[in-house]
Amino acid sequence: MPARLPSWAWVTGLTAGATAAVVVLAVQADRGPHPTAASVRPSASASAGAHGSDASKQKSKPKTSTVPAVPADSGMGRRVVYSLGQKRVWLVDASDKAGRSFTVWPGTVSPDPGTYTISKTLASTTGSDGVQIEHILYFAAKSGLSIAFSNAADGSSPAPAEGKQTSGIRMPKADGTALWTFGTEPNTKVTVVK
């Protein structure tokens, strides 16, 4: 009878494989078009950088990406941090370092500040606004609605339906994939700050 691998070896192998797949997808997504929300306008510097001048096209400096600082009042340890005011999410590892941060498009109903645990995950469904969504991570409830992170399956960022309560916190597709990989680990905490 062949020797069986311990369960931790399977989990480690699957986690490593999933992480590698997410990195490849994130790099590919970063090279493609990015969705934009109608209510979000790029800053002047972002617009200038997007269009650029002929001189900047000929001699461009390598881009260094900096992750904005994690809010000081967001706790410690491995967690997802969601800032209501900044409309931003951080994925923070066990050493309190944010490996990724991105802006989101919240629905009309927001969670109260506090600490939550991701309670349910769903690979895909139709959102309350009729949009096909994926990578759904539920973590709170308010006003009779379940609050969850997700991304539109087609990568779009539609504005919430007029006069309708929605509780989905949407993000670009690559960020949704990264959050899904990070958030589906058991007992992942979500800290919501103002």
# chains A, B, ... in the order shown; residues from 1 in each chain; ligands from 1
>>> residues_around(residues="Ser146 in chain A", least_positions_apart="4", cutoff="12 Å", atoms="only C-alpha atoms", output="short mmCIF file (atom, residue, chain, number, x, y, z; two decimals) with N, CA, C and O atoms, in the first residue's frame")
data_model
loop_
_atom_site.label_atom_id
_atom_site.label_comp_id
_atom_site.auth_asym_id
_atom_site.auth_seq_id
_atom_site.Cartn_x
_atom_site.Cartn_y
_atom_site.Cartn_z
N GLY A 107 -21.68 49.58 -2.36
CA GLY A 107 -23.11 49.71 -2.64
C GLY A 107 -23.68 50.85 -1.80
O GLY A 107 -22.96 51.65 -1.21
N VAL A 109 -25.55 50.42 0.96
CA VAL A 109 -25.59 50.04 2.38
C VAL A 109 -24.17 49.60 2.78
O VAL A 109 -23.62 48.70 2.16
N SER A 110 -23.60 50.27 3.78
CA SER A 110 -22.23 49.96 4.21
C SER A 110 -22.24 49.29 5.58
O SER A 110 -23.10 49.56 6.41
N PRO A 111 -21.24 48.44 5.86
CA PRO A 111 -21.15 47.83 7.18
C PRO A 111 -20.75 48.86 8.22
O PRO A 111 -20.16 49.90 7.89
N ILE A 118 -15.04 36.44 7.78
CA ILE A 118 -15.72 36.03 6.55
C ILE A 118 -16.51 34.77 6.87
O ILE A 118 -15.98 33.77 7.33
N SER A 119 -17.83 34.87 6.69
CA SER A 119 -18.73 33.81 7.14
C SER A 119 -19.18 32.87 6.04
O SER A 119 -19.59 31.75 6.31
N LYS A 120 -19.11 33.32 4.78
CA LYS A 120 -19.57 32.48 3.68
C LYS A 120 -18.86 32.92 2.42
O LYS A 120 -18.60 34.10 2.22
N THR A 121 -18.55 31.96 1.57
CA THR A 121 -17.95 32.27 0.27
C THR A 121 -18.81 31.65 -0.82
O THR A 121 -19.44 30.61 -0.62
N GLY A 127 -25.92 39.33 -8.68
CA GLY A 127 -26.07 40.32 -7.63
C GLY A 127 -27.48 40.88 -7.58
O GLY A 127 -28.28 40.68 -8.52
N SER A 128 -27.80 41.57 -6.51
CA SER A 128 -29.14 42.16 -6.36
C SER A 128 -29.43 43.20 -7.43
O SER A 128 -30.58 43.55 -7.67
N ILE A 136 -17.38 36.02 -4.24
CA ILE A 136 -18.19 36.68 -3.22
C ILE A 136 -17.75 36.20 -1.84
O ILE A 136 -17.71 35.01 -1.55
N LEU A 137 -17.40 37.18 -0.98
CA LEU A 137 -16.96 36.91 0.39
C LEU A 137 -17.88 37.67 1.34
O LEU A 137 -17.76 38.88 1.49
N TYR A 138 -18.81 36.96 1.98
CA TYR A 138 -19.76 37.58 2.90
C TYR A 138 -19.12 37.75 4.28
O TYR A 138 -18.46 36.85 4.78
N PHE A 139 -19.35 38.92 4.90
CA PHE A 139 -18.76 39.13 6.22
C PHE A 139 -19.63 39.91 7.19
O PHE A 139 -19.34 39.96 8.38
N ALA A 140 -20.71 40.54 6.75
CA ALA A 140 -21.54 41.34 7.66
C ALA A 140 -22.97 41.40 7.13
O ALA A 140 -23.25 40.95 6.02
N ALA A 141 -23.85 41.96 7.95
CA ALA A 141 -25.24 42.17 7.55
C ALA A 141 -25.71 43.49 8.13
O ALA A 141 -25.28 43.89 9.22
N LYS A 142 -26.58 44.18 7.37
CA LYS A 142 -27.13 45.44 7.84
C LYS A 142 -28.40 45.73 7.05
O LYS A 142 -28.45 45.47 5.84
N GLN A 165 -31.48 49.51 -2.68
CA GLN A 165 -30.44 49.25 -1.70
C GLN A 165 -29.58 48.08 -2.16
O GLN A 165 -30.09 47.01 -2.48
N THR A 166 -28.28 48.33 -2.22
CA THR A 166 -27.34 47.26 -2.58
C THR A 166 -26.25 47.22 -1.52
O THR A 166 -25.90 48.23 -0.93
N SER A 167 -25.72 46.03 -1.28
CA SER A 167 -24.73 45.89 -0.22
C SER A 167 -23.43 45.28 -0.71
O SER A 167 -22.54 44.99 0.08
N GLY A 168 -23.30 45.09 -2.00
CA GLY A 168 -22.06 44.55 -2.55
C GLY A 168 -20.97 45.60 -2.60
O GLY A 168 -21.22 46.76 -2.91
N ILE A 169 -19.76 45.20 -2.27
CA ILE A 169 -18.59 46.07 -2.36
C ILE A 169 -17.80 45.53 -3.54
O ILE A 169 -17.18 44.47 -3.45
#
>>> residues_around(residues="range 178-183 of chain A", least_positions_apart="3", cutoff="10 Å", atoms="only C-alpha atoms", output="VMD selection string")
chain A and resid 15 18 to 19 21 to 23 25 to 26 78 to 80 89 to 93 100 to 101 117 to 118 121 to 123 134 to 138 149 to 151 171 173 to 175 186 to 190
>>> write_last_selection(atoms="N, CA and C atoms", output="short mmCIF file (atom, residue, chain, number, x, y, z; two decimals), in the first residue's frame")
data_model
loop_
_atom_site.label_atom_id
_atom_site.label_comp_id
_atom_site.auth_asym_id
_atom_site.auth_seq_id
_atom_site.Cartn_x
_atom_site.Cartn_y
_atom_site.Cartn_z
N THR A 15 -2.37 25.51 -1.78
CA THR A 15 -2.23 26.95 -1.52
C THR A 15 -1.13 27.55 -2.39
N ALA A 18 -2.43 27.77 -5.96
CA ALA A 18 -3.43 28.83 -6.11
C ALA A 18 -2.76 30.20 -6.08
N THR A 19 -1.78 30.37 -5.19
CA THR A 19 -1.08 31.65 -5.11
C THR A 19 -0.33 31.93 -6.41
N ALA A 21 -1.10 30.82 -9.38
CA ALA A 21 -2.11 31.13 -10.41
C ALA A 21 -2.60 32.56 -10.26
N VAL A 22 -2.82 33.01 -9.03
CA VAL A 22 -3.30 34.38 -8.80
C VAL A 22 -2.25 35.39 -9.25
N VAL A 23 -0.99 35.11 -8.97
CA VAL A 23 0.07 36.03 -9.37
C VAL A 23 0.11 36.15 -10.89
N LEU A 25 -2.36 35.57 -13.00
CA LEU A 25 -3.57 36.30 -13.43
C LEU A 25 -3.47 37.79 -13.13
N ALA A 26 -2.91 38.12 -11.98
CA ALA A 26 -2.78 39.54 -11.61
C ALA A 26 -1.84 40.27 -12.57
N ARG A 78 -3.05 38.99 10.46
CA ARG A 78 -3.56 38.75 9.11
C ARG A 78 -5.03 39.16 9.05
N ARG A 79 -5.36 40.04 8.07
CA ARG A 79 -6.73 40.54 7.98
C ARG A 79 -6.94 41.28 6.67
N VAL A 80 -8.21 41.48 6.37
CA VAL A 80 -8.63 42.37 5.29
C VAL A 80 -9.06 43.66 5.99
N VAL A 89 -9.38 48.89 0.19
CA VAL A 89 -9.15 47.62 0.88
C VAL A 89 -7.66 47.35 0.90
N TRP A 90 -7.19 46.78 2.01
CA TRP A 90 -5.81 46.31 2.15
C TRP A 90 -5.85 44.83 2.49
N LEU A 91 -4.94 44.05 1.93
CA LEU A 91 -4.75 42.66 2.31
C LEU A 91 -3.48 42.62 3.15
N VAL A 92 -3.65 42.39 4.45
CA VAL A 92 -2.55 42.51 5.41
C VAL A 92 -2.14 41.11 5.87
N ASP A 93 -0.83 40.81 5.79
CA ASP A 93 -0.36 39.49 6.19
C ASP A 93 -0.12 39.43 7.70
N ARG A 100 -1.11 44.15 -0.75
CA ARG A 100 -1.91 44.67 -1.85
C ARG A 100 -2.96 45.62 -1.29
N SER A 101 -3.26 46.68 -2.03
CA SER A 101 -4.30 47.62 -1.66
C SER A 101 -4.95 48.13 -2.93
N THR A 117 -15.67 38.30 10.69
CA THR A 117 -15.02 37.14 10.10
C THR A 117 -15.77 36.78 8.84
N ILE A 118 -15.04 36.44 7.78
CA ILE A 118 -15.72 36.03 6.55
C ILE A 118 -16.51 34.77 6.87
N THR A 121 -18.55 31.96 1.57
CA THR A 121 -17.95 32.27 0.27
C THR A 121 -18.81 31.65 -0.82
N LEU A 122 -18.86 32.30 -1.95
CA LEU A 122 -19.64 31.81 -3.09
C LEU A 122 -18.87 32.16 -4.35
N ALA A 123 -18.61 31.17 -5.19
CA ALA A 123 -17.80 31.40 -6.39
C ALA A 123 -18.46 32.37 -7.36
N GLU A 134 -18.73 37.39 -9.15
CA GLU A 134 -17.93 36.24 -8.73
C GLU A 134 -17.05 36.63 -7.54
N HIS A 135 -16.43 35.60 -6.94
CA HIS A 135 -15.52 35.80 -5.80
C HIS A 135 -16.23 36.52 -4.65
N ILE A 136 -17.38 36.02 -4.24
CA ILE A 136 -18.19 36.68 -3.22
C ILE A 136 -17.75 36.20 -1.84
N LEU A 137 -17.40 37.18 -0.98
CA LEU A 137 -16.96 36.91 0.39
C LEU A 137 -17.88 37.67 1.34
N TYR A 138 -18.81 36.96 1.98
CA TYR A 138 -19.76 37.58 2.90
C TYR A 138 -19.12 37.75 4.28
N PHE A 149 -17.83 41.34 -0.33
CA PHE A 149 -16.93 41.78 -1.38
C PHE A 149 -17.21 40.93 -2.61
N SER A 150 -17.08 41.50 -3.80
CA SER A 150 -17.23 40.74 -5.04
C SER A 150 -16.69 41.57 -6.20
N ASN A 151 -16.61 40.91 -7.35
CA ASN A 151 -16.31 41.65 -8.58
C ASN A 151 -17.28 41.18 -9.66
N MET A 171 -15.13 45.52 -6.90
CA MET A 171 -13.73 45.88 -7.18
C MET A 171 -13.36 45.38 -8.56
N LYS A 173 -11.62 43.15 -11.42
CA LYS A 173 -11.55 41.69 -11.48
C LYS A 173 -10.25 41.12 -10.88
N ALA A 174 -9.10 41.69 -11.22
CA ALA A 174 -7.83 41.18 -10.68
C ALA A 174 -7.78 41.31 -9.16
N ASP A 175 -8.31 42.41 -8.64
CA ASP A 175 -8.34 42.60 -7.19
C ASP A 175 -9.33 41.61 -6.54
N PRO A 186 -9.49 29.86 6.08
CA PRO A 186 -10.39 29.81 7.24
C PRO A 186 -10.13 30.93 8.25
N ASN A 187 -11.21 31.44 8.82
CA ASN A 187 -11.19 32.46 9.87
C ASN A 187 -10.54 33.78 9.47
N THR A 188 -10.64 34.14 8.19
CA THR A 188 -10.09 35.42 7.76
C THR A 188 -10.92 36.55 8.36
N LYS A 189 -10.24 37.48 8.99
CA LYS A 189 -10.88 38.63 9.63
C LYS A 189 -11.02 39.79 8.65
N VAL A 190 -12.08 40.57 8.82
CA VAL A 190 -12.28 41.80 8.07
C VAL A 190 -12.45 42.91 9.10
#
>>> select_by_dssp(residues="range 54-187 of chain A", states="strand (DSSP E)", output="ChimeraX atom specification")
/A:79-83,88-92,98-103,114-117,120-126,132-142,145-152,168-170
>>> write_last_selection(atoms="C-alpha atoms", output="PDB file, in the first residue's frame")
ATOM      1  CA  ARG A  79      -6.726  40.536   7.981  1.00  0.00           C
ATOM      2  CA  VAL A  80      -8.628  42.374   5.291  1.00  0.00           C
ATOM      3  CA  VAL A  81      -8.957  46.082   6.111  1.00  0.00           C
ATOM      4  CA  TYR A  82     -11.791  48.085   4.543  1.00  0.00           C
ATOM      5  CA  SER A  83     -11.862  51.876   4.916  1.00  0.00           C
ATOM      6  CA  ARG A  88     -10.108  51.179  -0.127  1.00  0.00           C
ATOM      7  CA  VAL A  89      -9.153  47.622   0.875  1.00  0.00           C
ATOM      8  CA  TRP A  90      -5.808  46.313   2.150  1.00  0.00           C
ATOM      9  CA  LEU A  91      -4.755  42.657   2.311  1.00  0.00           C
ATOM     10  CA  VAL A  92      -2.550  42.508   5.405  1.00  0.00           C
ATOM     11  CA  ALA A  98      -0.014  45.101   3.344  1.00  0.00           C
ATOM     12  CA  GLY A  99       0.872  43.161   0.233  1.00  0.00           C
ATOM     13  CA  ARG A 100      -1.911  44.672  -1.855  1.00  0.00           C
ATOM     14  CA  SER A 101      -4.304  47.616  -1.658  1.00  0.00           C
ATOM     15  CA  PHE A 102      -6.978  48.807  -4.066  1.00  0.00           C
ATOM     16  CA  THR A 103     -10.007  51.056  -4.297  1.00  0.00           C
ATOM     17  CA  GLY A 114     -15.803  46.827  13.608  1.00  0.00           C
ATOM     18  CA  THR A 115     -14.167  43.436  13.220  1.00  0.00           C
ATOM     19  CA  TYR A 116     -15.887  40.612  11.357  1.00  0.00           C
ATOM     20  CA  THR A 117     -15.018  37.139  10.102  1.00  0.00           C
ATOM     21  CA  LYS A 120     -19.573  32.485   3.684  1.00  0.00           C
ATOM     22  CA  THR A 121     -17.952  32.275   0.270  1.00  0.00           C
ATOM     23  CA  LEU A 122     -19.643  31.811  -3.086  1.00  0.00           C
ATOM     24  CA  ALA A 123     -17.795  31.404  -6.386  1.00  0.00           C
ATOM     25  CA  SER A 124     -20.453  33.149  -8.503  1.00  0.00           C
ATOM     26  CA  THR A 125     -24.074  34.313  -8.552  1.00  0.00           C
ATOM     27  CA  THR A 126     -26.261  37.172  -9.756  1.00  0.00           C
ATOM     28  CA  GLN A 132     -23.250  38.452 -12.767  1.00  0.00           C
ATOM     29  CA  ILE A 133     -20.689  38.540  -9.947  1.00  0.00           C
ATOM     30  CA  GLU A 134     -17.928  36.244  -8.729  1.00  0.00           C
ATOM     31  CA  HIS A 135     -15.521  35.802  -5.805  1.00  0.00           C
ATOM     32  CA  ILE A 136     -18.186  36.677  -3.217  1.00  0.00           C
ATOM     33  CA  LEU A 137     -16.957  36.908   0.390  1.00  0.00           C
ATOM     34  CA  TYR A 138     -19.761  37.584   2.904  1.00  0.00           C
ATOM     35  CA  PHE A 139     -18.755  39.129   6.217  1.00  0.00           C
ATOM     36  CA  ALA A 140     -21.537  41.340   7.662  1.00  0.00           C
ATOM     37  CA  ALA A 141     -25.239  42.169   7.546  1.00  0.00           C
ATOM     38  CA  LYS A 142     -27.132  45.441   7.844  1.00  0.00           C
ATOM     39  CA  LEU A 145     -28.918  42.754   3.554  1.00  0.00           C
ATOM     40  CA  SER A 146     -25.801  40.579   3.510  1.00  0.00           C
ATOM     41  CA  ILE A 147     -22.653  42.614   2.907  1.00  0.00           C
ATOM     42  CA  ALA A 148     -19.963  41.046   0.757  1.00  0.00           C
ATOM     43  CA  PHE A 149     -16.930  41.784  -1.382  1.00  0.00           C
ATOM     44  CA  SER A 150     -17.229  40.741  -5.042  1.00  0.00           C
ATOM     45  CA  ASN A 151     -16.314  41.651  -8.585  1.00  0.00           C
ATOM     46  CA  ALA A 152     -18.435  41.701 -11.737  1.00  0.00           C
ATOM     47  CA  GLY A 168     -22.059  44.549  -2.549  1.00  0.00           C
ATOM     48  CA  ILE A 169     -18.589  46.068  -2.364  1.00  0.00           C
ATOM     49  CA  ARG A 170     -17.285  45.738  -5.916  1.00  0.00           C
TER      50      ARG A 170
END
>>> closest_residue(among="A:Ser143, A:Asp154, A:Glu162, A:Pro113", to="Ser74 in chain A", atoms="only C-alpha atoms")
A:Pro113
